[in-house]
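Quick look at target_16.tsv (TSV, C-alpha atoms):
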```tsv
chain	number	residue	atom	x	y	z
A	1	MET	CA	0.74	-21.46	-6.52
A	2	THR	CA	4.15	-21.03	-4.88
A	3	ALA	CA	6.59	-18.23	-5.71
A	4	ALA	CA	8.87	-20.73	-7.49
A	5	GLU	CA	5.99	-22.02	-9.61
A	6	ILE	CA	5.03	-18.44	-10.47
A	7	GLY	CA	8.65	-17.81	-11.43
A	8	VAL	CA	8.56	-20.74	-13.86
A	9	LYS	CA	5.15	-19.81	-15.27
A	10	THR	CA	6.11	-16.18	-15.91
A	11	ARG	CA	8.65	-17.41	-18.44
A	12	ILE	CA	5.64	-18.57	-20.47
A	13	VAL	CA	2.83	-16.12	-19.71
A	14	PRO	CA	2.88	-12.53	-18.39
A	15	LEU	CA	2.38	-11.85	-14.69
A	16	LEU	CA	0.22	-9.01	-13.40
A	17	LEU	CA	1.28	-7.64	-10.01
A	18	TYR	CA	-1.38	-5.86	-7.98
A	19	ASP	CA	-1.75	-4.23	-4.59
A	20	GLY	CA	-3.30	-6.94	-2.41
A	21	GLY	CA	-4.33	-4.38	0.23
A	22	CYS	CA	-6.53	-2.56	-2.28
A	23	ALA	CA	-10.04	-4.04	-2.55
A	24	THR	CA	-10.58	-2.46	-5.98
A	25	CYS	CA	-7.32	-3.88	-7.36
A	26	SER	CA	-8.06	-7.30	-5.87
A	27	ARG	CA	-11.53	-7.33	-7.48
A	28	ILE	CA	-10.02	-6.44	-10.86
A	29	ALA	CA	-7.27	-9.07	-10.44
A	30	ARG	CA	-9.87	-11.74	-9.60
A	31	TRP	CA	-11.76	-10.81	-12.76
A	32	VAL	CA	-8.52	-11.03	-14.78
A	33	GLN	CA	-7.74	-14.47	-13.35
A	34	ARG	CA	-11.26	-15.72	-14.04
A	35	SER	CA	-11.22	-14.37	-17.59
A	36	ALA	CA	-7.69	-15.67	-18.26
A	37	SER	CA	-8.66	-19.21	-17.27
A	38	HIS	CA	-12.05	-19.17	-19.00
A	39	GLY	CA	-12.31	-22.10	-21.41
A	40	ALA	CA	-8.56	-22.70	-21.54
A	41	ALA	CA	-6.35	-25.38	-20.01
A	42	GLU	CA	-3.68	-22.84	-19.08
A	43	PRO	CA	-4.36	-19.22	-18.12
A	44	SER	CA	-3.21	-16.64	-20.65
A	45	ILE	CA	-1.97	-14.33	-17.87
A	46	LEU	CA	-1.20	-14.78	-14.18
A	47	ALA	CA	-1.97	-12.36	-11.37
A	48	ARG	CA	-0.54	-12.18	-7.88
A	49	PRO	CA	-0.36	-9.57	-5.12
A	50	VAL	CA	2.88	-7.61	-4.78
A	51	GLY	CA	3.32	-8.98	-1.25
A	52	ASN	CA	5.80	-7.76	1.34
A	53	ASP	CA	9.09	-9.34	0.33
A	54	PRO	CA	11.33	-7.11	-1.83
A	55	SER	CA	13.82	-9.93	-2.47
A	56	GLU	CA	11.12	-12.24	-3.79
A	57	LEU	CA	10.09	-9.57	-6.31
A	58	ARG	CA	13.70	-9.09	-7.38
A	59	ARG	CA	13.85	-12.82	-8.09
A	60	LEU	CA	11.01	-12.28	-10.58
A	61	ASN	CA	12.87	-9.36	-12.14
A	62	PRO	CA	16.10	-7.80	-10.79
A	63	ASP	CA	14.87	-4.31	-11.78
A	64	LEU	CA	11.60	-4.66	-9.92
A	65	ASP	CA	11.41	-2.38	-6.88
A	66	ILE	CA	8.67	-3.13	-4.35
A	67	TRP	CA	7.90	0.59	-3.88
A	68	ASP	CA	7.36	0.96	-7.64
A	69	ALA	CA	5.29	-2.22	-7.74
A	70	TYR	CA	2.89	-0.75	-5.16
A	71	ALA	CA	2.80	2.67	-6.82
A	72	VAL	CA	1.98	1.53	-10.37
A	73	SER	CA	0.54	-1.65	-11.90
A	74	HIS	CA	3.25	-3.86	-13.37
A	75	VAL	CA	3.05	-6.68	-15.89
A	76	ILE	CA	6.20	-8.80	-16.13
A	77	MET	CA	6.50	-10.17	-19.64
A	78	PRO	CA	7.92	-13.64	-20.45
A	79	ASP	CA	11.01	-11.99	-22.00
A	80	GLY	CA	11.76	-10.22	-18.71
A	81	SER	CA	10.63	-6.76	-19.76
A	82	MET	CA	7.99	-4.90	-17.76
A	83	LYS	CA	4.94	-2.85	-18.73
A	84	LEU	CA	3.65	-0.19	-16.39
A	85	GLY	CA	0.41	1.69	-15.78
A	86	GLY	CA	-1.83	2.04	-18.82
A	87	GLU	CA	0.55	-0.08	-20.91
A	88	ALA	CA	0.17	-2.87	-18.34
A	89	VAL	CA	-3.62	-2.59	-18.56
A	90	ALA	CA	-3.44	-2.75	-22.36
A	91	GLU	CA	-1.27	-5.86	-22.13
A	92	VAL	CA	-3.78	-7.53	-19.79
A	93	LEU	CA	-6.66	-6.71	-22.14
A	94	ARG	CA	-4.59	-7.97	-25.06
A	95	ARG	CA	-4.11	-11.35	-23.34
A	96	LEU	CA	-7.67	-11.99	-22.18
A	97	PRO	CA	-9.81	-13.98	-24.62
A	98	THR	CA	-12.81	-11.69	-24.14
A	99	THR	CA	-10.92	-8.43	-24.69
A	100	GLN	CA	-8.31	-9.47	-27.28
A	101	TRP	CA	-10.11	-7.47	-29.96
A	102	MET	CA	-8.99	-4.28	-28.20
A	103	ALA	CA	-5.33	-5.03	-28.97
A	104	ALA	CA	-5.58	-3.58	-32.46
A	105	LEU	CA	-7.25	-0.49	-31.03
A	106	PHE	CA	-4.44	0.25	-28.58
A	107	ASP	CA	-1.78	-0.33	-31.25
A	108	THR	CA	-3.47	1.99	-33.77
A	109	ARG	CA	-1.26	4.94	-34.60
A	110	ILE	CA	-2.60	8.22	-35.95
A	111	VAL	CA	0.05	10.77	-36.92
A	112	GLY	CA	2.61	8.90	-34.80
A	113	VAL	CA	0.55	8.80	-31.61
A	114	ARG	CA	-1.62	6.05	-30.18
A	115	PRO	CA	-4.81	7.92	-29.23
A	116	PHE	CA	-6.63	4.93	-27.70
A	117	GLN	CA	-3.61	4.05	-25.60
A	118	MET	CA	-3.45	7.68	-24.45
A	119	VAL	CA	-7.10	7.53	-23.37
A	120	LEU	CA	-6.40	4.26	-21.55
A	121	ASN	CA	-3.37	5.80	-19.79
A	122	LEU	CA	-5.54	8.70	-18.65
A	123	ALA	CA	-8.32	6.34	-17.50
A	124	TYR	CA	-5.72	4.33	-15.56
A	125	HIS	CA	-4.48	7.42	-13.73
A	126	ILE	CA	-8.01	8.55	-12.88
A	127	LEU	CA	-8.92	5.08	-11.58
A	128	ASP	CA	-5.65	4.97	-9.64
A	129	ASP	CA	-6.45	8.30	-7.98
A	130	ILE	CA	-10.06	7.48	-7.08
A	131	ARG	CA	-9.26	4.03	-5.63
A	132	PRO	CA	-9.73	5.36	-2.05
A	133	LEU	CA	-13.36	6.13	-2.95
A	134	LEU	CA	-13.95	2.65	-4.36
A	135	GLY	CA	-12.35	0.75	-1.49
A	136	CYS	CA	-8.63	0.72	-0.82
A	137	ASP	CA	-7.21	0.25	2.69
A	138	SER	CA	-3.64	0.60	1.56
A	139	CYS	CA	-4.00	3.76	-0.56
A	140	GLY	CA	-3.71	6.22	2.31
A	141	ARG	CA	-4.88	9.80	1.95
A	142	PRO	CA	-6.53	10.56	-1.42
A	143	LYS	CA	-4.99	13.03	-3.86
A	144	PRO	CA	-6.07	16.68	-3.35
A	145	TRP	CA	-8.42	16.64	-6.36
A	146	VAL	CA	-10.21	13.55	-5.01
A	147	ARG	CA	-10.80	14.91	-1.47
A	148	PRO	CA	-13.87	17.05	-2.36
A	149	LEU	CA	-15.38	13.99	-4.06
A	150	GLN	CA	-14.67	11.95	-0.94
A	151	ARG	CA	-16.44	14.55	1.24
A	152	LEU	CA	-19.36	14.61	-1.22
A	153	LEU	CA	-19.60	10.82	-1.08
A	154	ALA	CA	-19.53	10.86	2.72
A	155	TRP	CA	-22.28	13.51	2.74
A	156	ALA	CA	-24.39	11.49	0.27
A	157	LYS	CA	-23.99	8.37	2.42
A	158	ALA	CA	-24.99	10.30	5.55
A	159	THR	CA	-28.21	11.57	3.91
A	160	GLY	CA	-29.28	7.98	3.35
A	161	GLU	CA	-28.96	7.13	7.07
A	162	PRO	CA	-32.25	6.60	8.96
A	163	ARG	CA	-33.18	9.61	11.05
A	164	ALA	CA	-35.31	10.00	14.19
A	165	THR	CA	-38.83	10.85	13.06
A	166	PRO	CA	-41.62	12.29	15.24
A	167	ASN	CA	-44.62	9.99	15.76
A	168	LYS	CA	-48.30	10.97	16.08
A	169	THR	CA	-48.39	11.70	19.76
A	170	LEU	CA	-44.88	12.79	20.51
A	171	HIS	CA	-42.63	15.14	18.68
A	172	PHE	CA	-39.66	13.04	19.55
A	173	ARG	CA	-39.09	9.43	20.30
A	174	PRO	CA	-39.52	8.66	23.98
A	175	LEU	CA	-36.38	8.12	25.94
A	176	PRO	CA	-35.66	4.53	26.87
A	177	ALA	CA	-37.21	3.52	30.18
A	178	ALA	CA	-34.92	4.32	33.06
A	179	GLN	CA	-33.32	1.27	34.61
A	180	PRO	CA	-34.04	0.87	38.35
A	181	ARG	CA	-31.02	1.97	40.32
A	182	VAL	CA	-29.34	-0.62	42.46
A	183	VAL	CA	-29.10	0.92	45.90
A	184	GLY	CA	-27.35	-1.87	47.68
A	185	ARG	CA	-25.64	-5.04	46.64
A	186	SER	CA	-27.20	-8.38	47.40
A	187	PRO	CA	-25.17	-10.66	49.67
A	188	GLN	CA	-24.84	-13.20	46.82
A	189	THR	CA	-22.99	-10.82	44.52
A	190	GLU	CA	-20.84	-9.18	47.12
A	191	ARG	CA	-17.30	-10.30	47.00
A	192	THR	CA	-15.47	-11.13	50.07
R	193	MET	CA	1.60	9.75	-11.00
R	194	VAL	CA	2.14	10.25	-14.72
R	195	SER	CA	5.69	11.42	-13.95
R	196	ASP	CA	6.10	8.35	-11.69
R	197	VAL	CA	5.42	6.00	-14.58
R	198	ALA	CA	7.69	8.02	-16.89
R	199	ALA	CA	10.51	7.98	-14.31
R	200	MET	CA	10.17	4.22	-13.79
R	201	GLU	CA	10.15	3.58	-17.54
R	202	LYS	CA	13.26	5.76	-17.92
R	203	ARG	CA	15.02	3.81	-15.15
R	204	MET	CA	14.13	0.55	-16.91
R	205	ARG	CA	15.45	1.87	-20.25
R	206	ASP	CA	18.64	3.10	-18.60
R	207	GLY	CA	19.09	-0.25	-16.91
R	208	SER	CA	19.65	1.38	-13.51
R	209	THR	CA	19.25	-1.09	-10.70
R	210	VAL	CA	17.17	-0.94	-7.53
R	211	ALA	CA	18.68	1.39	-4.90
R	212	ALA	CA	20.72	-0.21	-2.13
R	213	ASN	CA	18.87	-0.85	1.10
R	214	ARG	CA	20.59	0.12	4.36
R	215	ILE	CA	17.55	-0.48	6.57
R	216	GLN	CA	16.82	-3.94	7.90
R	217	THR	CA	13.19	-5.03	8.12
R	218	LEU	CA	12.12	-6.57	11.41
R	219	ASP	CA	9.19	-8.86	12.12
R	220	SER	CA	7.49	-9.78	15.39
R	221	THR	CA	10.11	-12.47	16.06
R	222	SER	CA	13.19	-10.33	15.51
R	223	PHE	CA	11.76	-7.12	17.03
R	224	GLY	CA	12.40	-8.21	20.64
R	225	PRO	CA	16.06	-9.19	20.33
R	226	MET	CA	16.97	-6.42	17.86
R	227	VAL	CA	15.14	-3.53	19.56
R	228	LEU	CA	13.85	-4.25	23.04
R	229	GLN	CA	16.77	-6.30	24.28
R	230	ALA	CA	19.40	-4.37	22.33
R	231	GLU	CA	21.70	-1.69	23.68
R	232	GLY	CA	22.13	1.68	22.01
R	233	ARG	CA	20.03	4.11	20.04
R	234	ILE	CA	17.48	2.57	17.73
R	235	ALA	CA	14.87	4.19	15.49
R	236	VAL	CA	12.08	2.02	14.10
R	237	GLU	CA	10.02	3.13	11.14
R	238	PHE	CA	6.52	1.66	11.07
R	239	MET	CA	5.60	1.76	7.39
R	240	SER	CA	3.91	-0.07	4.55
R	241	TYR	CA	5.03	-0.36	0.95
R	242	GLY	CA	1.63	0.77	-0.28
R	243	CYS	CA	1.88	4.09	1.59
R	244	GLY	CA	2.74	6.92	-0.79
R	245	TYR	CA	4.17	9.08	1.98
R	246	CYS	CA	6.51	6.29	3.11
R	247	ARG	CA	7.67	5.99	-0.49
R	248	ALA	CA	8.34	9.74	-0.64
R	249	ILE	CA	10.63	9.69	2.39
R	250	GLU	CA	12.30	6.35	1.62
R	251	PRO	CA	15.30	7.75	-0.35
R	252	LEU	CA	15.80	10.40	2.35
R	253	LEU	CA	15.67	7.80	5.07
R	254	GLN	CA	18.30	5.77	3.23
R	255	GLN	CA	20.49	8.90	3.14
R	256	VAL	CA	19.90	9.51	6.85
R	257	ALA	CA	20.76	5.86	7.61
R	258	GLU	CA	24.04	6.40	5.79
R	259	ASN	CA	24.85	9.60	7.70
R	260	ILE	CA	23.78	8.98	11.28
R	261	ALA	CA	26.18	8.13	14.09
R	262	ALA	CA	27.66	4.65	14.14
R	263	ASP	CA	25.92	3.75	17.41
R	264	GLU	CA	22.44	4.50	16.04
R	265	THR	CA	20.51	2.00	13.95
R	266	ILE	CA	17.36	2.41	11.88
R	267	PHE	CA	15.03	-0.53	11.44
R	268	ARG	CA	11.76	-0.90	9.62
R	269	VAL	CA	8.55	-2.72	10.51
R	270	ASN	CA	6.07	-3.35	7.69
R	271	ILE	CA	2.69	-3.01	9.35
R	272	ALA	CA	0.97	-4.81	6.47
R	273	ALA	CA	3.00	-7.90	7.32
R	274	ASP	CA	3.21	-7.42	11.11
R	275	SER	CA	-0.04	-5.82	12.16
R	276	ASP	CA	0.33	-7.21	15.70
R	277	LEU	CA	3.40	-5.03	16.27
R	278	ALA	CA	1.55	-2.03	14.88
R	279	SER	CA	-1.38	-2.53	17.24
R	280	ALA	CA	0.95	-3.24	20.17
R	281	TYR	CA	2.54	0.19	19.63
R	282	GLY	CA	-0.74	1.95	18.77
R	283	ILE	CA	0.31	2.93	15.26
R	284	SER	CA	-2.53	4.88	13.66
R	285	GLY	CA	-0.76	6.11	10.52
R	286	THR	CA	2.35	5.54	8.47
R	287	PRO	CA	5.13	6.46	8.55
R	288	THR	CA	5.55	6.59	12.33
R	289	PHE	CA	9.02	6.54	13.87
R	290	ILE	CA	9.55	5.26	17.40
R	291	MET	CA	12.93	5.85	18.96
R	292	PHE	CA	14.26	3.42	21.56
R	293	LEU	CA	17.19	3.87	23.90
R	294	SER	CA	18.39	0.57	25.33
R	295	GLY	CA	14.98	-0.97	24.76
R	296	ARG	CA	12.98	1.90	26.29
R	297	GLU	CA	10.73	4.06	24.10
R	298	LEU	CA	12.14	7.57	24.06
R	299	GLY	CA	9.98	9.42	21.57
R	300	ARG	CA	7.86	9.31	18.45
R	301	ALA	CA	7.61	11.21	15.18
R	302	GLU	CA	4.75	10.89	12.73
R	303	GLY	CA	4.99	11.71	9.03
R	304	PRO	CA	8.02	14.02	8.87
R	305	SER	CA	8.23	16.40	5.89
R	306	PRO	CA	9.88	14.75	2.89
R	307	ASP	CA	13.19	16.60	3.19
R	308	PHE	CA	16.51	15.39	4.55
R	309	ALA	CA	16.65	17.70	7.60
R	310	SER	CA	13.13	16.81	8.77
R	311	VAL	CA	13.68	13.08	8.44
R	312	ARG	CA	17.09	13.32	10.16
R	313	ASP	CA	15.64	15.43	12.99
R	314	ALA	CA	12.73	13.02	13.43
R	315	VAL	CA	15.07	10.06	13.72
R	316	THR	CA	17.80	11.64	15.87
R	317	GLY	CA	15.91	14.37	17.77
R	318	PRO	CA	14.73	12.37	20.80
R	319	PHE	CA	18.30	11.21	21.49
R	320	LEU	CA	19.63	14.77	21.58
R	321	SER	CA	17.19	16.18	24.13
```
Give the structure from this file in structure tokens form.
Amino acid sequence: MTAAEIGVKTRIVPLLLYDGGCATCSRIARWVQRSASHGAAEPSILARPVGNDPSELRRLNPDLDIWDAYAVSHVIMPDGSMKLGGEAVAEVLRRLPTTQWMAALFDTRIVGVRPFQMVLNLAYHILDDIRPLLGCDSCGRPKPWVRPLQRLLAWAKATGEPRATPNKTLHFRPLPAAQPRVVGRSPQTERT
Amino acid sequence: MVSDVAAMEKRMRDGSTVAANRIQTLDSTSFGPMVLQAEGRIAVEFMSYGCGYCRAIEPLLQQVAENIAADETIFRVNIAADSDLASAYGISGTPTFIMFLSGRELGRAEGPSPDFASVRDAVTGPFLS
């Protein structure tokens, strides 16, 4: 779908923008696209990577800054407004046929606050922070609280690596057989 | 991050527009004529929009671009879009600044502190020495 077509479609259905360099975000976006098109002629929500062209994003919405779009998930609504972070996730779940039932949950107010939306916002921020552990080339250095987890994960991966084990006759694996040394060059290989 | 979302939502409510951009983005086609074959002092920032550190120094870099001497220019190369330029210049992390004087590389600065003086010194320092 071209940028112009996306521009036309977003006047009808919301558009989710995601970081295309992040494997985790791309996996989630693929799932959203599959779910949005499931059993329907037209998808209930569109998804596209943020891309690298700031002016193209501003054509979608004049207030949309490419730096912001990479920093936080954005959903551009058909009326031109934008939802960010956990609110964007709630909007996506609200639009998907399989998760529509959650809409009422996120809108539920108890003593003026939306507790389920607050939990979703928190979950969004945690997922956003741990993206480098799940696969994200574009995320850069993880947040300080994630770094110990990253080291732990690296350590756990290293323990699963195959190690040199002693066999019955030798304590250590034998060294590879030494290659015969070439003392002189044959006349065929010698360059003139 | 929570404050990021709150700040963005506040900006949207206030109706404030996207900040002006004083730094031109180059690609592999325009890099040669604009940097290598150009005269004068040129600083090139190798960055990506997904890099949090690049985002942190972006407003400062815009300020520096506004305040540097008239004969110095700052350009930007997005390594996500032009990875060939990044590998040609051995960029291992973002942001990396490479300063050119009449097409010749004069110096580099990697990840300056996110304050005005550090960014300004990174961008202008090699030309002063």
Please list as a CSV table (one decimal) with C-alpha atoms, keeping the file's coordinate frame every residue within 7 Å of Phe116 of chain A, counting all atoms listed in the file and excluding residues in the same chain fewer than 2 positions away.
```csv
chain,number,residue,atom,x,y,z
A,105,LEU,CA,-7.2,-0.5,-31.0
A,106,PHE,CA,-4.4,0.2,-28.6
A,114,ARG,CA,-1.6,6.0,-30.2
A,118,MET,CA,-3.4,7.7,-24.4
A,119,VAL,CA,-7.1,7.5,-23.4
A,120,LEU,CA,-6.4,4.3,-21.6
```
Go through chain A and flag each residue having an atom no more than 6 Å from chain R; for those, report the closest pair of atoms plus their distance in Å to one decimal, using all atoms listed in the file, ordered by chain and rising number, as a Markdown table.
```
| residue | atom | partner | partner_atom | distance |
| --- | --- | --- | --- | --- |
| A:Asp63 | CA | R:Thr209 | CA | 5.5 |
| A:Asp65 | CA | R:Val210 | CA | 6.0 |
| A:Trp67 | CA | R:Tyr241 | CA | 5.7 |
| A:Tyr70 | CA | R:Gly242 | CA | 5.3 |
| A:Ser138 | CA | R:Gly242 | CA | 5.6 |
```
- Leaving out Arg268 of chain R and any residue of its chain fewer than 3 positions from it, which residues lie within 10 Å of it when counting all atoms listed in the file, given as a ChimeraX atom specification? /R:215-219,223,235-240,271,287,289
Select, counting all atoms listed in the file, all protein, DNA and RNA residues no farther than 9 Å from (12.1, 5.6, 17.0) in file coordinates, and express the selection as an mmCIF file with C-alpha atoms, keeping the file's coordinate frame.
```cif
data_model
loop_
_atom_site.group_PDB
_atom_site.id
_atom_site.type_symbol
_atom_site.label_atom_id
_atom_site.label_comp_id
_atom_site.auth_asym_id
_atom_site.auth_seq_id
_atom_site.Cartn_x
_atom_site.Cartn_y
_atom_site.Cartn_z
ATOM 1 C CA ARG R 233 20.030 4.110 20.040
ATOM 2 C CA ILE R 234 17.480 2.570 17.730
ATOM 3 C CA ALA R 235 14.870 4.190 15.490
ATOM 4 C CA VAL R 236 12.080 2.020 14.100
ATOM 5 C CA GLU R 237 10.020 3.130 11.140
ATOM 6 C CA ILE R 266 17.360 2.410 11.880
ATOM 7 C CA PHE R 267 15.030 -0.530 11.440
ATOM 8 C CA THR R 288 5.550 6.590 12.330
ATOM 9 C CA PHE R 289 9.020 6.540 13.870
ATOM 10 C CA ILE R 290 9.550 5.260 17.400
ATOM 11 C CA MET R 291 12.930 5.850 18.960
ATOM 12 C CA PHE R 292 14.260 3.420 21.560
ATOM 13 C CA LEU R 293 17.190 3.870 23.900
ATOM 14 C CA GLU R 297 10.730 4.060 24.100
ATOM 15 C CA LEU R 298 12.140 7.570 24.060
ATOM 16 C CA GLY R 299 9.980 9.420 21.570
ATOM 17 C CA ARG R 300 7.860 9.310 18.450
ATOM 18 C CA ALA R 301 7.610 11.210 15.180
ATOM 19 C CA ALA R 314 12.730 13.020 13.430
ATOM 20 C CA VAL R 315 15.070 10.060 13.720
ATOM 21 C CA THR R 316 17.800 11.640 15.870
ATOM 22 C CA PRO R 318 14.730 12.370 20.800
#
```
- Enter the distance from atom CA of Ile66 of chain A to atom CA of Pro54 of chain A, in Å, rounded to one decimal.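 Taking atom CA of Ile66 of chain A as the start and atom CA of Pro54 of chain A as the end point, the length is 5.4 Å.
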- Task: Please provide as a list of chain:residue names all residues within 8 Å of Ile249 of chain R, with the sequence filter that same-chain residues fewer than 4 positions apart are discarded (counting all atoms listed in the file).
- Result: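 Answer for this query is R:Tyr245, R:Leu253, R:Ser305, R:Pro306, R:Asp307, R:Val311.
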- Task: Enter the distance from atom CA of Ile76 of chain A to atom CA of Leu64 of chain A, in Å, rounded to one decimal.
- Result: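 Distance reported for this atom pair: 9.2 Å.
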